[in-house]
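model_6.csv, holding CSV, C-alpha atoms:
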```
chain,number,residue,atom,x,y,z
A,1,ARG,CA,0.0,0.0,0.0
A,2,PRO,CA,1.5,3.4,-0.9
A,3,ARG,CA,2.3,5.6,2.1
A,4,SER,CA,0.8,9.1,2.5
A,5,SER,CA,3.0,11.9,1.1
A,6,CYS,CA,2.3,14.2,4.0
A,7,SER,CA,5.3,14.9,6.1
A,8,ARG,CA,5.4,16.2,9.7
A,9,PRO,CA,7.6,19.2,10.6
A,10,LEU,CA,11.0,18.1,11.8
A,11,PRO,CA,12.1,19.1,15.3
A,12,ALA,CA,14.7,21.4,13.8
A,13,GLN,CA,12.1,23.2,11.8
A,14,ARG,CA,9.9,23.6,14.9
A,15,ARG,CA,12.9,25.0,16.9
A,16,GLN,CA,13.6,27.4,14.0
A,17,GLY,CA,10.0,28.6,14.0
A,18,GLY,CA,10.0,29.1,17.7
A,19,ALA,CA,13.3,31.1,17.5
A,20,ARG,CA,11.8,33.4,14.9
A,21,ALA,CA,8.7,34.0,17.1
A,22,GLU,CA,11.0,34.8,20.0
A,23,ASP,CA,13.0,37.2,17.8
A,24,ILE,CA,9.8,39.0,16.8
A,25,MET,CA,8.7,39.3,20.4
A,26,ARG,CA,12.1,40.6,21.5
A,27,ALA,CA,12.1,43.2,18.7
A,28,THR,CA,8.6,44.3,19.6
A,29,THR,CA,9.5,44.7,23.3
A,30,ALA,CA,12.6,46.6,22.4
A,31,ALA,CA,10.6,49.0,20.2
A,32,VAL,CA,8.1,49.6,23.0
A,33,LEU,CA,11.0,50.2,25.5
A,34,LEU,CA,12.6,52.7,23.2
A,35,ALA,CA,9.3,54.5,22.7
A,36,ALA,CA,8.9,54.7,26.5
A,37,LEU,CA,12.5,55.9,27.0
A,38,ALA,CA,12.0,58.6,24.3
A,39,ALA,CA,9.7,60.6,26.5
A,40,PRO,CA,10.9,64.3,26.6
A,41,ALA,CA,13.2,65.7,29.2
A,42,LEU,CA,14.2,69.3,28.5
A,43,ALA,CA,16.2,71.8,30.5
A,44,PHE,CA,17.1,75.2,28.9
A,45,GLN,CA,17.3,78.9,29.4
A,46,PHE,CA,15.7,81.7,27.3
A,47,ASP,CA,15.4,85.5,27.5
A,48,LEU,CA,11.9,87.0,27.8
A,49,ALA,CA,11.6,90.6,26.8
A,50,ALA,CA,9.6,93.1,28.7
A,51,GLY,CA,5.8,92.9,28.0
A,52,LYS,CA,6.3,89.8,25.9
A,53,ALA,CA,5.1,86.2,26.1
A,54,LYS,CA,6.7,83.0,24.9
A,55,CYS,CA,5.1,79.6,24.6
A,56,PHE,CA,6.5,76.1,24.1
A,57,SER,CA,4.4,73.1,23.1
A,58,GLU,CA,4.9,69.3,23.6
A,59,THR,CA,2.7,66.5,22.3
A,60,MET,CA,2.0,63.9,24.9
A,61,GLU,CA,-0.2,60.9,25.4
A,62,ARG,CA,-3.0,60.4,27.9
A,63,GLN,CA,-2.1,59.4,31.5
A,64,THR,CA,1.4,60.8,31.3
A,65,LEU,CA,3.0,62.2,34.4
A,66,THR,CA,4.5,65.6,33.7
A,67,VAL,CA,6.6,67.7,36.1
A,68,GLY,CA,8.4,71.0,35.6
A,69,ALA,CA,10.3,73.7,37.4
A,70,PHE,CA,11.1,77.2,36.4
A,71,GLU,CA,13.0,80.2,37.8
A,72,ALA,CA,13.1,83.8,36.5
A,73,ARG,CA,16.4,85.5,36.8
A,74,ASP,CA,16.9,89.2,36.6
A,75,THR,CA,18.9,90.9,33.8
A,76,ALA,CA,17.8,94.1,35.5
A,77,LEU,CA,16.8,94.5,39.1
A,78,THR,CA,13.1,94.0,39.5
A,79,SER,CA,10.9,92.1,41.9
A,80,GLU,CA,7.9,91.6,39.6
A,81,GLY,CA,7.2,88.0,38.8
A,82,LEU,CA,6.1,86.2,35.6
A,83,GLN,CA,2.7,84.8,34.6
A,84,VAL,CA,3.1,81.1,34.0
A,85,GLU,CA,0.4,78.9,32.5
A,86,VAL,CA,0.2,75.3,31.3
A,87,ILE,CA,-2.7,74.8,28.8
A,88,SER,CA,-4.1,71.5,27.6
A,89,PRO,CA,-5.1,70.8,24.0
A,90,LYS,CA,-8.7,71.7,24.7
A,91,GLY,CA,-7.8,75.0,26.4
A,92,SER,CA,-8.1,74.1,30.0
A,93,LYS,CA,-5.4,75.3,32.4
A,94,GLU,CA,-3.5,72.6,34.2
A,95,PHE,CA,-1.3,75.2,36.0
A,96,SER,CA,-1.7,79.0,36.3
A,97,LYS,CA,0.2,81.5,38.5
A,98,PRO,CA,-0.1,85.3,37.8
A,99,ASP,CA,3.0,86.6,39.7
A,100,ILE,CA,5.7,84.2,40.4
A,101,THR,CA,9.5,84.1,40.0
A,102,THR,CA,10.2,80.5,40.8
A,103,GLY,CA,8.0,77.4,41.2
A,104,LYS,CA,7.2,73.8,40.2
A,105,PHE,CA,4.2,72.1,38.7
A,106,ALA,CA,3.1,68.4,38.3
A,107,PHE,CA,0.1,66.9,36.7
A,108,THR,CA,-1.1,63.8,34.8
A,109,THR,CA,-2.4,64.4,31.3
A,110,THR,CA,-6.0,63.6,30.7
A,111,GLU,CA,-6.1,63.8,26.9
A,112,GLU,CA,-3.7,63.3,24.0
A,113,GLY,CA,-2.4,66.3,22.1
A,114,ALA,CA,-0.1,69.3,22.3
A,115,TYR,CA,0.3,70.9,25.7
A,116,ARG,CA,1.5,74.6,25.8
A,117,PHE,CA,3.8,76.0,28.4
A,118,CYS,CA,3.5,79.8,28.4
A,119,PHE,CA,5.6,82.5,30.1
A,120,THR,CA,4.5,86.2,30.2
A,121,ASN,CA,6.7,89.0,31.4
A,122,PRO,CA,4.5,91.9,32.5
A,123,SER,CA,7.4,93.9,33.9
A,124,THR,CA,9.4,96.6,32.1
A,125,ALA,CA,12.7,94.7,32.3
A,126,GLN,CA,14.0,91.7,30.4
A,127,ARG,CA,14.1,88.4,32.3
A,128,ARG,CA,16.1,85.3,31.9
A,129,VAL,CA,14.1,82.1,32.5
A,130,GLU,CA,15.4,78.7,33.4
A,131,PHE,CA,12.9,75.9,32.5
A,132,ASP,CA,13.2,72.2,33.3
A,133,PHE,CA,10.5,70.0,31.9
A,134,ARG,CA,10.1,66.2,32.2
A,135,SER,CA,7.4,63.7,31.3
A,136,GLY,CA,7.0,59.9,31.2
A,137,LEU,CA,9.9,57.9,32.5
A,138,HIS,CA,11.9,61.0,33.2
A,139,ALA,CA,9.1,62.5,35.2
A,140,ASN,CA,8.7,59.3,37.2
A,141,ASP,CA,12.5,59.4,38.0
A,142,ALA,CA,12.3,63.0,39.1
A,143,SER,CA,9.2,62.3,41.3
A,144,ARG,CA,11.0,59.4,43.0
A,145,ALA,CA,14.3,61.2,43.5
A,146,ALA,CA,13.4,62.2,47.1
A,147,LYS,CA,12.5,58.6,47.9
A,148,THR,CA,15.6,57.0,46.4
A,149,GLU,CA,17.9,59.3,48.3
A,150,GLN,CA,16.9,57.4,51.5
A,151,LEU,CA,17.1,53.9,50.0
A,152,GLN,CA,19.9,51.4,49.5
A,153,PRO,CA,21.3,51.2,45.9
A,154,LEU,CA,19.5,47.9,45.2
A,155,GLU,CA,16.2,49.2,46.6
A,156,ALA,CA,16.5,52.4,44.6
A,157,GLU,CA,17.2,50.4,41.4
A,158,LEU,CA,14.2,48.1,42.1
A,159,LEU,CA,12.0,51.2,42.6
A,160,LYS,CA,13.2,52.6,39.3
A,161,LEU,CA,12.5,49.3,37.4
A,162,GLU,CA,9.0,49.2,38.9
A,163,GLY,CA,8.3,52.6,37.5
A,164,GLN,CA,9.7,51.7,34.1
A,165,ALA,CA,7.6,48.5,34.0
A,166,GLY,CA,4.5,50.5,34.8
A,167,ASP,CA,5.3,52.9,31.9
A,168,VAL,CA,5.9,50.1,29.5
A,169,LEU,CA,2.5,48.6,30.6
A,170,LYS,CA,0.8,51.9,29.9
A,171,THR,CA,2.5,52.0,26.5
A,172,PHE,CA,1.2,48.5,25.7
A,173,GLU,CA,-2.3,49.5,26.7
A,174,TYR,CA,-2.2,52.6,24.5
A,175,LEU,CA,-1.0,50.5,21.6
A,176,GLN,CA,-3.9,48.0,22.2
A,177,GLU,CA,-6.4,50.9,22.1
A,178,ARG,CA,-5.0,52.2,18.9
A,179,GLU,CA,-5.0,48.7,17.4
A,180,ALA,CA,-8.7,48.3,18.4
A,181,GLU,CA,-9.5,51.7,16.8
A,182,HIS,CA,-7.8,50.7,13.5
A,183,ARG,CA,-9.6,47.3,13.5
A,184,ASN,CA,-13.0,48.9,14.0
A,185,THR,CA,-12.3,51.4,11.2
A,186,ASN,CA,-11.2,48.6,8.9
A,187,GLU,CA,-14.3,46.5,9.7
A,188,SER,CA,-16.6,49.5,9.1
A,189,THR,CA,-14.9,50.2,5.8
A,190,ASN,CA,-15.1,46.6,4.7
A,191,THR,CA,-18.8,46.5,5.5
A,192,ARG,CA,-19.5,49.7,3.5
A,193,VAL,CA,-17.5,48.4,0.5
A,194,LEU,CA,-19.5,45.1,0.6
A,195,TRP,CA,-22.9,46.8,0.6
A,196,PHE,CA,-21.7,49.2,-2.1
A,197,THR,CA,-20.7,46.2,-4.2
A,198,VAL,CA,-24.0,44.4,-3.7
A,199,LEU,CA,-25.9,47.6,-4.6
A,200,SER,CA,-23.8,48.0,-7.7
A,201,ILE,CA,-24.5,44.4,-8.9
A,202,VAL,CA,-28.3,44.8,-8.2
A,203,LEU,CA,-28.3,48.1,-10.2
A,204,LEU,CA,-26.4,46.6,-13.1
A,205,VAL,CA,-28.7,43.5,-13.3
A,206,ALA,CA,-31.8,45.8,-13.2
A,207,LEU,CA,-30.3,48.0,-15.9
A,208,THR,CA,-29.5,45.0,-18.1
A,209,VAL,CA,-33.1,43.6,-17.7
A,210,PHE,CA,-34.5,47.0,-18.5
A,211,GLN,CA,-32.4,47.4,-21.7
A,212,VAL,CA,-33.4,43.9,-22.8
A,213,VAL,CA,-37.1,44.6,-22.3
A,214,VAL,CA,-37.0,47.9,-24.1
A,215,LEU,CA,-35.0,46.4,-27.0
A,216,GLN,CA,-37.5,43.4,-27.3
A,217,ARG,CA,-40.5,45.8,-27.3
A,218,SER,CA,-38.9,48.0,-30.0
A,219,LEU,CA,-38.2,45.0,-32.2
A,220,ALA,CA,-41.7,43.6,-31.6
A,221,LYS,CA,-43.3,46.8,-32.8
A,222,GLU,CA,-41.4,46.5,-36.0
A,223,LYS,CA,-42.5,42.8,-36.2
A,224,LEU,CA,-38.9,41.6,-36.4
A,225,ILE,CA,-39.3,39.2,-33.5
A,226,ASP,CA,-42.1,37.5,-31.6
A,227,SER,CA,-44.0,39.9,-29.3
A,228,ARG,CA,-43.7,37.5,-26.4
A,229,PRO,CA,-41.1,38.5,-23.7
A,230,ILE,CA,-37.7,37.0,-24.3
A,231,PHE,CA,-37.7,35.5,-20.8
A,232,MET,CA,-41.0,33.8,-21.4
A,233,SER,CA,-40.0,32.2,-24.8
```

Would you mind giving the structure from this file in structure tokens?
Amino acid sequence: RPRSSCSRPLPAQRRQGGARAEDIMRATTAAVLLAALAAPALAFQFDLAAGKAKCFSETMERQTLTVGAFEARDTALTSEGLQVEVISPKGSKEFSKPDITTGKFAFTTTEEGAYRFCFTNPSTAQRRVEFDFRSGLHANDASRAAKTEQLQPLEAELLKLEGQAGDVLKTFEYLQEREAEHRNTNESTNTRVLWFTVLSIVLLVALTVFQVVVLQRSLAKEKLIDSRPIFMS
């Protein structure tokens, strides 16, 4: 009796397939970690002229911890402070102080989009402003700095790893939400295309029947063919 020609995968092939799957998972995890570590951390100085305002914007995701610190230095002696505001993408103010020379702020974003950090100098003298801004992993590290100073090196490292793991989990959840949104969009588009195709076929069939009936009646009037409908003959 001839034997079946179907062959089972060899153990080496199975191991090779498993290795490829592990490589893909490692690459995906590395990409997510790089995205999480790419959260902005900015520290810079700028001059703010008298009576002028200057804004900086940063695009952030939802549920992102954001911390910042600022200090206005005098290029001319003056005691008047700055007006500092942090404005969300929808226009609500996450932080607002009308007369301040130094301060800090911290908040967790509630929506995705560009957040603006605005500084206004109402005085008659130019001011130099130092601004330190952190979000994501960098913000978590800054918020834990006071705790880690009192911990042993191993405990501090574990606390840092815990925060990084939490940020990676949030990134995975965000990617899952985006994937679900894209999937719903694709399913809705496929359904619309399907119904459009069915409607087009129905219209084409109806148009074809109409043309055949009109042609048959026209030829029947000229007595070139039998007057009975073609579909009844």

Please provide as a list in words all residues within 10 Å of Gly91 in chain A, with the sequence filter that same-chain residues fewer than 5 positions apart are discarded (counting only C-alpha atoms).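 Counting only C-alpha atoms, the residues come to Val86, Tyr115 and Arg116 of chain A.
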
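Here CA of Gly166 in chain A and CA of Arg134 in chain A stand 16.9 Å from one another.
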
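Among A:Pro122, A:Ala114, A:Thr102, A:Asp47, the residue with the shortest atom-to-atom distance to Glu80 in chain A, counting all atoms listed in the file, is A:Pro122.
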
Which residues come within 8 Å of Gln63 in chain A, counting all atoms listed in the file, excluding same-chain residues fewer than 4 positions away, as number ranges by chain? A: 108-111

Considering all atoms listed in the file, return as a list in words whatever protein or nucleic-acid residues lie within 12 Å of range 60-62 of chain A, sequence-local ones (same chain, fewer than 5 positions apart) excluded.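 Close residues of range 60-62 of chain A: Ala35, Ala36, Ala38, Ala39, Pro40, Ser88, Pro89, Phe107, Thr108, Thr109, Thr110, Glu111, Glu112, Gly113, Ala114, Tyr115, Arg116, Arg134, Ser135, Gly136, Asp167, Lys170, Thr171, Glu173, Tyr174, Leu175, Glu177 and Arg178 of chain A.
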
In terms of the shortest atom-to-atom distance over all atoms listed in the file, which of A:Ile87, A:Asn121, A:Val205, A:Arg217 is closest to Glu58 in chain A?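 Smallest separation from Glu58 in chain A among the options: A:Ile87.
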
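What separates CA of Glu85 in chain A from CA of Phe117 in chain A is a distance of 6.1 Å.
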
List as an mmCIF file with C-alpha atoms, keeping the file's coordinate frame: which residues have an atom within 8 Å of (-0.4, 81.6, 37.4), counting all atoms listed in the file?
```cif
data_model
loop_
_atom_site.group_PDB
_atom_site.id
_atom_site.type_symbol
_atom_site.label_atom_id
_atom_site.label_comp_id
_atom_site.auth_asym_id
_atom_site.auth_seq_id
_atom_site.Cartn_x
_atom_site.Cartn_y
_atom_site.Cartn_z
ATOM 1 C CA GLN A 83 2.700 84.800 34.600
ATOM 2 C CA VAL A 84 3.100 81.100 34.000
ATOM 3 C CA GLU A 85 0.400 78.900 32.500
ATOM 4 C CA PHE A 95 -1.300 75.200 36.000
ATOM 5 C CA SER A 96 -1.700 79.000 36.300
ATOM 6 C CA LYS A 97 0.200 81.500 38.500
ATOM 7 C CA PRO A 98 -0.100 85.300 37.800
ATOM 8 C CA ASP A 99 3.000 86.600 39.700
ATOM 9 C CA ILE A 100 5.700 84.200 40.400
#
```

Please report the interatomic distance between CA of Arg128 in chain A and CA of Ala49 in chain A in Å with one decimal. 8.6 Å

Out of A:Trp195, A:Phe119, A:Phe46, A:Phe70, which residue has the shortest atom-to-atom distance to Gly103 in chain A when counting all atoms listed in the file?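 Checking each candidate against Gly103 in chain A, we get A:Phe70 as the closest.
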
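With all atoms listed in the file as the atoms that count, the minimum distance from Ala50 in chain A to the choices A:Lys104, A:Arg127, A:His182, A:Lys221 is reached by A:Arg127.
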
Of A:Phe133, A:Ser218, A:Glu162, A:Ala125, the one sitting nearest Ala106 in chain A when using only C-alpha atoms is A:Phe133
